[in-house]
>>> print(open('protein_35.txt').read())   # compact mmCIF, C-alpha atoms and all ligand atoms
# COMPACT_ATOMS: atom_id res chain seq x y z
CA MET A 1 0.00 0.00 0.00
CA THR A 2 1.30 3.45 -0.82
CA ASP A 3 0.56 6.64 1.03
CA LEU A 4 -2.15 8.77 -0.57
CA PHE A 5 -0.01 11.86 0.05
CA PRO A 6 3.49 12.50 1.40
CA ALA A 7 3.70 11.58 5.10
CA PRO A 8 4.04 14.74 7.23
CA PRO A 9 7.56 15.44 8.53
CA VAL A 10 8.24 14.56 12.18
CA PRO A 11 8.74 17.77 14.21
CA ARG A 12 12.27 17.88 15.62
CA VAL A 13 13.93 19.94 18.37
CA PRO A 14 17.71 20.51 18.33
CA VAL A 15 19.65 19.03 21.27
CA ARG A 16 22.69 20.81 22.71
CA GLY A 17 25.82 18.87 21.91
CA GLY A 18 24.38 17.39 18.75
CA GLY A 19 21.45 15.52 17.30
CA THR A 20 17.74 16.23 17.30
CA PHE A 21 14.77 15.12 19.39
CA PRO A 22 11.92 13.76 17.22
CA VAL A 23 8.65 14.79 18.87
CA ARG A 24 5.94 12.16 19.34
CA ARG A 25 3.40 13.87 21.63
CA ILE A 26 3.13 17.01 23.74
CA PHE A 27 1.59 16.63 27.18
CA CYS A 28 0.85 19.79 29.18
CA VAL A 29 0.14 20.26 32.88
CA GLY A 30 -2.43 22.82 34.04
CA ARG A 31 -2.34 24.63 37.40
CA ASN A 32 1.09 23.45 38.55
CA PHE A 33 2.06 26.69 40.32
CA ALA A 34 -0.19 27.92 43.14
CA ASP A 35 0.20 31.61 42.23
CA HIS A 36 -0.97 30.94 38.64
CA ALA A 37 -3.89 28.76 39.82
CA ARG A 38 -5.03 31.69 41.96
CA GLU A 39 -4.66 34.28 39.20
CA MET A 40 -6.88 32.06 37.01
CA GLY A 41 -9.55 32.04 39.73
CA ALA A 42 -8.90 28.45 40.84
CA THR A 43 -8.20 27.29 44.37
CA ALA A 44 -4.58 26.30 45.01
CA PRO A 45 -3.96 23.25 47.20
CA ALA A 46 -3.03 24.19 50.75
CA SER A 47 -0.59 21.31 51.14
CA ARG A 48 0.98 18.38 49.27
CA ASP A 49 -1.67 16.10 50.73
CA GLU A 50 -4.43 18.21 49.15
CA ARG A 51 -3.01 18.23 45.64
CA GLY A 52 -5.55 15.77 44.23
CA GLN A 53 -4.87 14.88 40.59
CA PRO A 54 -2.89 17.06 38.17
CA THR A 55 -4.74 18.48 35.16
CA PHE A 56 -3.44 17.34 31.77
CA PHE A 57 -4.12 18.51 28.23
CA HIS A 58 -2.37 18.16 24.87
CA LYS A 59 -0.95 20.09 21.99
CA PRO A 60 -0.32 18.49 18.59
CA ALA A 61 3.34 17.61 18.00
CA ASP A 62 3.44 19.93 14.98
CA ALA A 63 2.60 22.91 17.22
CA ILE A 64 6.37 23.00 17.91
CA VAL A 65 8.20 26.19 16.90
CA VAL A 66 11.99 26.02 17.27
CA ASP A 67 14.14 28.73 18.83
CA GLY A 68 14.63 31.90 16.84
CA THR A 69 11.60 31.40 14.59
CA ASP A 70 8.82 33.97 14.23
CA VAL A 71 5.46 32.93 15.70
CA PRO A 72 2.39 33.98 13.70
CA TYR A 73 -0.39 35.62 15.74
CA PRO A 74 -3.05 32.88 15.64
CA PRO A 75 -6.50 33.23 14.08
CA GLY A 76 -9.74 33.18 16.08
CA THR A 77 -8.52 35.11 19.13
CA ARG A 78 -8.17 38.64 20.44
CA ASP A 79 -6.36 37.55 23.61
CA LEU A 80 -3.22 35.49 22.94
CA HIS A 81 -1.42 34.82 26.25
CA HIS A 82 2.11 33.71 27.12
CA GLU A 83 2.83 30.97 29.67
CA VAL A 84 6.54 30.26 30.25
CA GLU A 85 7.18 26.63 31.21
CA LEU A 86 9.87 24.08 31.95
CA VAL A 87 9.80 21.33 29.31
CA ALA A 88 10.87 17.76 30.13
CA ALA A 89 11.86 15.48 27.22
CA LEU A 90 11.43 11.70 27.44
CA GLY A 91 14.09 9.69 25.64
CA HIS A 92 12.98 6.15 26.50
CA ASP A 93 9.79 4.11 26.35
CA ALA A 94 8.32 3.59 29.81
CA PRO A 95 8.42 0.07 31.25
CA ALA A 96 5.03 -1.56 31.90
CA GLY A 97 3.11 -0.76 35.05
CA PRO A 98 2.96 2.31 37.26
CA LEU A 99 6.44 3.83 37.55
CA ASP A 100 8.29 4.56 40.76
CA ALA A 101 10.05 7.92 41.10
CA ALA A 102 13.44 6.58 39.97
CA GLN A 103 11.94 4.92 36.88
CA ALA A 104 10.08 8.14 36.08
CA GLN A 105 13.21 10.26 36.40
CA ALA A 106 15.19 7.84 34.24
CA LEU A 107 12.88 8.48 31.25
CA VAL A 108 13.78 12.19 31.20
CA ILE A 109 16.88 12.74 29.06
CA ALA A 110 16.76 16.51 28.55
CA TYR A 111 15.12 19.78 29.54
CA GLY A 112 14.23 22.99 27.77
CA VAL A 113 12.10 26.08 28.18
CA GLY A 114 8.94 26.66 26.19
CA LEU A 115 5.85 28.79 25.83
CA ASP A 116 2.38 27.27 26.24
CA LEU A 117 0.72 29.88 24.01
CA THR A 118 -2.96 30.17 24.86
CA ARG A 119 -6.00 31.71 23.15
CA ARG A 120 -7.26 32.84 26.55
CA ASP A 121 -10.61 34.11 25.28
CA LEU A 122 -11.41 30.73 23.71
CA GLN A 123 -10.17 28.83 26.78
CA GLY A 124 -12.23 31.08 29.08
CA ALA A 125 -15.41 30.62 27.03
CA ALA A 126 -14.92 26.82 27.03
CA LYS A 127 -14.26 26.71 30.78
CA ALA A 128 -17.38 28.80 31.47
CA LYS A 129 -19.48 26.21 29.63
CA GLY A 130 -17.67 23.20 31.12
CA LEU A 131 -16.35 22.33 27.64
CA PRO A 132 -12.85 21.10 26.61
CA TRP A 133 -10.01 23.64 26.28
CA ASP A 134 -8.68 22.28 22.98
CA THR A 135 -9.21 25.33 20.76
CA GLY A 136 -7.66 27.54 23.42
CA LYS A 137 -4.53 25.42 23.75
CA GLY A 138 -3.86 22.99 20.91
CA PHE A 139 -3.47 25.26 17.88
CA ASP A 140 -0.82 25.71 15.18
CA HIS A 141 2.48 27.26 16.36
CA SER A 142 1.32 27.16 20.00
CA ALA A 143 4.44 25.47 21.41
CA PRO A 144 7.65 27.49 20.89
CA ILE A 145 10.56 25.61 22.50
CA SER A 146 14.28 26.15 23.11
CA GLU A 147 16.97 23.70 22.22
CA LEU A 148 16.97 20.76 24.64
CA VAL A 149 19.81 20.43 27.14
CA PRO A 150 20.89 16.96 28.32
CA ALA A 151 19.63 16.28 31.86
CA ALA A 152 23.16 15.51 33.11
CA GLU A 153 24.20 19.03 32.08
CA VAL A 154 21.18 20.66 33.78
CA GLY A 155 21.72 18.91 37.11
CA GLU A 156 19.35 19.61 39.99
CA LEU A 157 16.20 21.46 38.91
CA ALA A 158 14.76 22.75 42.20
CA PRO A 159 17.23 25.65 42.61
CA ARG A 160 16.62 26.81 39.00
CA THR A 161 14.28 29.61 37.99
CA LEU A 162 12.10 30.38 34.97
CA THR A 163 11.92 33.89 33.52
CA LEU A 164 9.96 35.39 30.64
CA ALA A 165 10.69 38.88 29.31
CA ILE A 166 8.52 40.56 26.68
CA ASN A 167 10.31 43.43 24.89
CA ASP A 168 12.97 43.24 27.65
CA GLN A 169 10.40 43.68 30.47
CA VAL A 170 10.13 40.73 32.89
CA ARG A 171 6.54 39.42 32.96
CA GLN A 172 6.97 36.03 34.66
CA HIS A 173 9.61 34.78 37.08
CA SER A 174 9.52 31.88 39.54
CA ALA A 175 11.64 29.21 41.17
CA LEU A 176 11.02 25.64 40.04
CA SER A 177 10.87 24.72 43.74
CA ASN A 178 7.35 26.27 43.54
CA LEU A 179 6.08 23.49 41.26
CA ILE A 180 3.11 21.74 42.91
CA TRP A 181 4.03 18.49 41.07
CA ASP A 182 7.70 18.04 40.18
CA VAL A 183 8.95 16.27 37.04
CA PRO A 184 9.13 12.67 38.35
CA GLU A 185 5.72 13.06 40.01
CA ILE A 186 4.17 14.28 36.75
CA VAL A 187 5.81 11.45 34.79
CA GLN A 188 4.46 8.96 37.33
CA GLU A 189 0.95 10.42 37.07
CA LEU A 190 1.07 10.39 33.25
CA SER A 191 2.27 6.77 33.33
CA ARG A 192 -0.99 5.77 35.02
CA LEU A 193 -2.91 7.15 32.02
CA TYR A 194 -0.65 6.62 28.99
CA ALA A 195 2.11 4.32 27.73
CA LEU A 196 4.81 6.99 27.69
CA LYS A 197 7.25 6.80 24.80
CA ALA A 198 10.55 8.24 23.64
CA GLY A 199 9.74 11.52 21.89
CA ASP A 200 7.10 12.65 24.37
CA LEU A 201 7.49 16.21 25.69
CA ILE A 202 5.92 17.51 28.88
CA PHE A 203 5.16 21.22 29.36
CA MET A 204 5.22 21.48 33.14
CA GLY A 205 2.88 24.42 33.82
CA THR A 206 3.37 28.15 34.30
CA PRO A 207 3.84 30.52 37.25
CA ALA A 208 1.82 33.73 37.73
CA GLY A 209 2.11 36.72 35.42
CA VAL A 210 0.43 35.41 32.28
CA ALA A 211 -0.66 38.27 30.02
CA ALA A 212 -1.40 39.26 26.45
CA LEU A 213 1.01 39.14 23.51
CA LEU A 214 0.63 41.42 20.49
CA PRO A 215 2.12 41.34 16.99
CA GLY A 216 5.64 42.78 17.17
CA ASP A 217 6.30 41.55 20.72
CA ARG A 218 9.73 39.98 21.23
CA PHE A 219 9.93 37.20 23.82
CA THR A 220 12.91 35.82 25.72
CA ALA A 221 12.08 32.78 27.83
CA SER A 222 14.78 31.40 30.08
CA LEU A 223 15.52 28.38 32.20
CA ASP A 224 17.98 30.62 33.98
CA GLY A 225 21.62 29.70 33.60
CA VAL A 226 20.73 26.79 31.32
CA VAL A 227 19.00 27.77 28.08
CA GLU A 228 17.00 30.54 26.41
CA LEU A 229 14.26 30.72 23.80
CA ARG A 230 13.83 33.83 21.65
CA GLY A 231 11.29 34.79 19.04
CA THR A 232 8.87 37.43 17.80
CA ILE A 233 5.08 37.41 17.41
CA VAL A 234 4.28 38.49 13.86
CA GLY A 235 0.96 39.80 12.54
MN MN A 301 0.36 26.12 30.63
>>> encode(input="protein_35.txt", output="structure tokens")
Amino acid sequence: MTDLFPAPPVPRVPVRGGGTFPVRRIFCVGRNFADHAREMGATAPASRDERGQPTFFHKPADAIVVDGTDVPYPPGTRDLHHEVELVAALGHDAPAGPLDAAQAQALVIAYGVGLDLTRRDLQGAAKAKGLPWDTGKGFDHSAPISELVPAAEVGELAPRTLTLAINDQVRQHSALSNLIWDVPEIVQELSRLYALKAGDLIFMGTPAGVAALLPGDRFTASLDGVVELRGTIVG
């Protein structure tokens, strides 16, 4: 059997030190920083015991935009928002069964910084009706991402910080120690729901300070001291 049309190219993210990361799926975590949960009008858990279940959603793999590439202002919205996020990259297929923390950590081969671009007006309208967020989150060019840095080079994550500057003004800044669910915990939770595979990316959720982007805005997202992502929103 032959393909009816050329198979679409696999989205790829450059890896520091050489090679590329072929993207299979993009998982995203909602409400993973208490200050952002509150700014969105949600209740933040008072303690680790009250965290409940993390919220997951998806973006299509071809929503990836690599570092230094212009991002087109998307159609259908008048309120495009930035959300700066740590991105964890899985380089191995998960073994069967629920993972323990060490197994979860072992799947993560690299980290980067990305933007979970959001059509906030569409997301808000969907939330108000109890409908899915897909059109607000999973659109074309909605996942700009930096090069990926091997996990061994990144070292311990908790002392690291995320920063997003728009036109050189800092809009979002937080320590990763503020994550409600850390990377191995999120990988463990995902492993209860999906057979995780090499090529899966996880956008880990954003801290407070989300706000609108306009055509012409330049963004610099940073996993501070590790890697940066730069681009421009174009009309
Ligand atoms: Mn997000």
>>> closest_residue(input="protein_35.txt", among="A:Leu162, A:Val66, A:Leu214, A:Ala143", to="ligand MN 301 (chain A)", atoms="only C-alpha atoms and all ligand atoms")
A:Ala143
>>> residues_near_ligand(input="protein_35.txt", ligand="ligand MN 301 (chain A)", cutoff="6 Å", atoms="only C-alpha atoms and all ligand atoms", output="list in words")
Gly30, Glu83, Asp116, Gly205 and Thr206 of chain A
>>> write_last_selection(input="protein_35.txt", atoms="C-alpha atoms", output="PDB file, in the frame of the given file")
ATOM      1  CA  GLY A  30      -2.430  22.820  34.040  1.00  0.00           C
ATOM      2  CA  GLU A  83       2.830  30.970  29.670  1.00  0.00           C
ATOM      3  CA  ASP A 116       2.380  27.270  26.240  1.00  0.00           C
ATOM      4  CA  GLY A 205       2.880  24.420  33.820  1.00  0.00           C
ATOM      5  CA  THR A 206       3.370  28.150  34.300  1.00  0.00           C
TER       6      THR A 206
END
>>> residues_around(input="protein_35.txt", residues="Leu196 of chain A", least_positions_apart="3", cutoff="10 Å", atoms="all atoms listed in the file", output="list in words")
Arg24, Arg25, Leu90, Gly91, His92, Asp93, Ala94, Pro95, Ala96, Ala104, Leu107, Val187, Gln188, Leu190, Ser191, Arg192, Leu193, Gly199, Asp200 and Leu201 of chain A
>>> atom_distance(input="protein_35.txt", atom1="atom CA of Ile145 of chain A", atom2="atom CA of Gly112 of chain A")
6.9 Å
>>> atom_distance(input="protein_35.txt", atom1="atom CA of Asp182 of chain A", atom2="atom CA of Ser222 of chain A")
18.2 Å
>>> closest_residue(input="protein_35.txt", among="A:Ser177, A:Thr2, A:Gln123, A:Ser146", to="Ala110 of chain A", atoms="all atoms listed in the file")
A:Ser146
>>> closest_residue(input="protein_35.txt", among="A:Leu148, A:Ala88, A:Val154, A:Ile233", to="Ala212 of chain A", atoms="only C-alpha atoms")
A:Ile233
>>> closest_residue(input="protein_35.txt", among="A:Glu228, A:Asp140, A:Asp217, A:Glu153", to="Lys59 of chain A", atoms="all atoms listed in the file")
A:Asp140
>>> atom_distance(input="protein_35.txt", atom1="atom CA of Tyr73 of chain A", atom2="atom CA of Phe139 of chain A")
11.0 Å
>>> residues_around(input="protein_35.txt", residues="Cys28 of chain A", least_positions_apart="6", cutoff="7 Å", atoms="all atoms listed in the file", output="list of chain:residue names")
A:Phe56, A:Phe57, A:His58, A:Ile202, A:Phe203, A:Met204, A:Gly205
>>> residues_around(input="protein_35.txt", residues="Gly17 of chain A", least_positions_apart="3", cutoff="10 Å", atoms="only C-alpha atoms", output="short mmCIF file (atom, residue, chain, number, x, y, z; two decimals) with C-alpha atoms, in the frame of the given file")
data_model
loop_
_atom_site.label_atom_id
_atom_site.label_comp_id
_atom_site.auth_asym_id
_atom_site.auth_seq_id
_atom_site.Cartn_x
_atom_site.Cartn_y
_atom_site.Cartn_z
CA PRO A 14 17.71 20.51 18.33
CA THR A 20 17.74 16.23 17.30
CA LEU A 148 16.97 20.76 24.64
CA VAL A 149 19.81 20.43 27.14
CA PRO A 150 20.89 16.96 28.32
#
>>> residues_near_point(input="protein_35.txt", point="(11.0, 30.6, 14.0)", cutoff="12 Å", atoms="only C-alpha atoms", output="count of residues only")
25
>>> residues_around(input="protein_35.txt", residues="Leu80 of chain A", least_positions_apart="6", cutoff="9 Å", atoms="all atoms listed in the file", output="count of residues only")
11
>>> closest_residue(input="protein_35.txt", among="A:Glu147, A:Leu157, A:Ala165, A:Ile180", to="Gly19 of chain A", atoms="only C-alpha atoms")
A:Glu147
>>> build_atoms(input="protein_35.txt", residues="segment 130-147 of chain A", atoms="N, CA, C and O atoms", output="compact mmCIF listing (two decimals), in the coordinates of the input")
# COMPACT_ATOMS: atom_id res chain seq x y z
N GLY A 130 -18.05 24.56 30.74
CA GLY A 130 -17.67 23.20 31.12
C GLY A 130 -17.24 22.36 29.92
O GLY A 130 -17.34 21.14 29.95
N LEU A 131 -16.75 23.02 28.87
CA LEU A 131 -16.35 22.33 27.64
C LEU A 131 -14.83 22.17 27.59
O LEU A 131 -14.12 22.84 28.33
N PRO A 132 -14.31 21.30 26.70
CA PRO A 132 -12.85 21.10 26.61
C PRO A 132 -12.12 22.38 26.17
O PRO A 132 -12.69 23.22 25.48
N TRP A 133 -10.83 22.45 26.54
CA TRP A 133 -10.01 23.64 26.28
C TRP A 133 -9.32 23.60 24.92
O TRP A 133 -8.55 24.50 24.60
N ASP A 134 -9.56 22.56 24.13
CA ASP A 134 -8.68 22.28 22.98
C ASP A 134 -8.40 23.49 22.08
O ASP A 134 -7.25 23.73 21.70
N THR A 135 -9.45 24.23 21.71
CA THR A 135 -9.21 25.33 20.76
C THR A 135 -8.40 26.44 21.40
O THR A 135 -7.75 27.22 20.70
N GLY A 136 -8.45 26.52 22.73
CA GLY A 136 -7.66 27.54 23.42
C GLY A 136 -6.20 27.18 23.56
O GLY A 136 -5.35 28.06 23.79
N LYS A 137 -5.88 25.90 23.44
CA LYS A 137 -4.53 25.42 23.75
C LYS A 137 -3.82 24.73 22.60
O LYS A 137 -2.62 24.90 22.41
N GLY A 138 -4.54 23.89 21.85
CA GLY A 138 -3.86 22.99 20.91
C GLY A 138 -3.90 23.48 19.48
O GLY A 138 -4.39 22.78 18.61
N PHE A 139 -3.38 24.68 19.23
CA PHE A 139 -3.47 25.26 17.88
C PHE A 139 -2.09 25.31 17.22
O PHE A 139 -1.07 25.04 17.86
N ASP A 140 -2.07 25.66 15.94
CA ASP A 140 -0.82 25.71 15.18
C ASP A 140 0.15 26.72 15.82
O ASP A 140 -0.27 27.81 16.23
N HIS A 141 1.42 26.37 15.87
CA HIS A 141 2.48 27.26 16.36
C HIS A 141 2.31 27.63 17.84
O HIS A 141 2.81 28.66 18.27
N SER A 142 1.61 26.80 18.60
CA SER A 142 1.32 27.16 20.00
C SER A 142 2.36 26.66 20.99
O SER A 142 2.19 26.84 22.20
N ALA A 143 3.45 26.04 20.49
CA ALA A 143 4.44 25.47 21.41
C ALA A 143 5.88 25.84 21.02
O ALA A 143 6.69 24.97 20.66
N PRO A 144 6.24 27.14 21.09
CA PRO A 144 7.65 27.49 20.89
C PRO A 144 8.53 26.83 21.95
O PRO A 144 8.13 26.75 23.13
N ILE A 145 9.69 26.34 21.56
CA ILE A 145 10.56 25.61 22.50
C ILE A 145 12.03 25.89 22.18
O ILE A 145 12.41 26.03 21.02
N SER A 146 12.83 25.96 23.24
CA SER A 146 14.28 26.15 23.11
C SER A 146 14.93 24.86 22.64
O SER A 146 14.28 23.81 22.56
N GLU A 147 16.23 24.95 22.38
CA GLU A 147 16.97 23.70 22.22
C GLU A 147 16.85 22.91 23.53
O GLU A 147 16.61 23.49 24.59
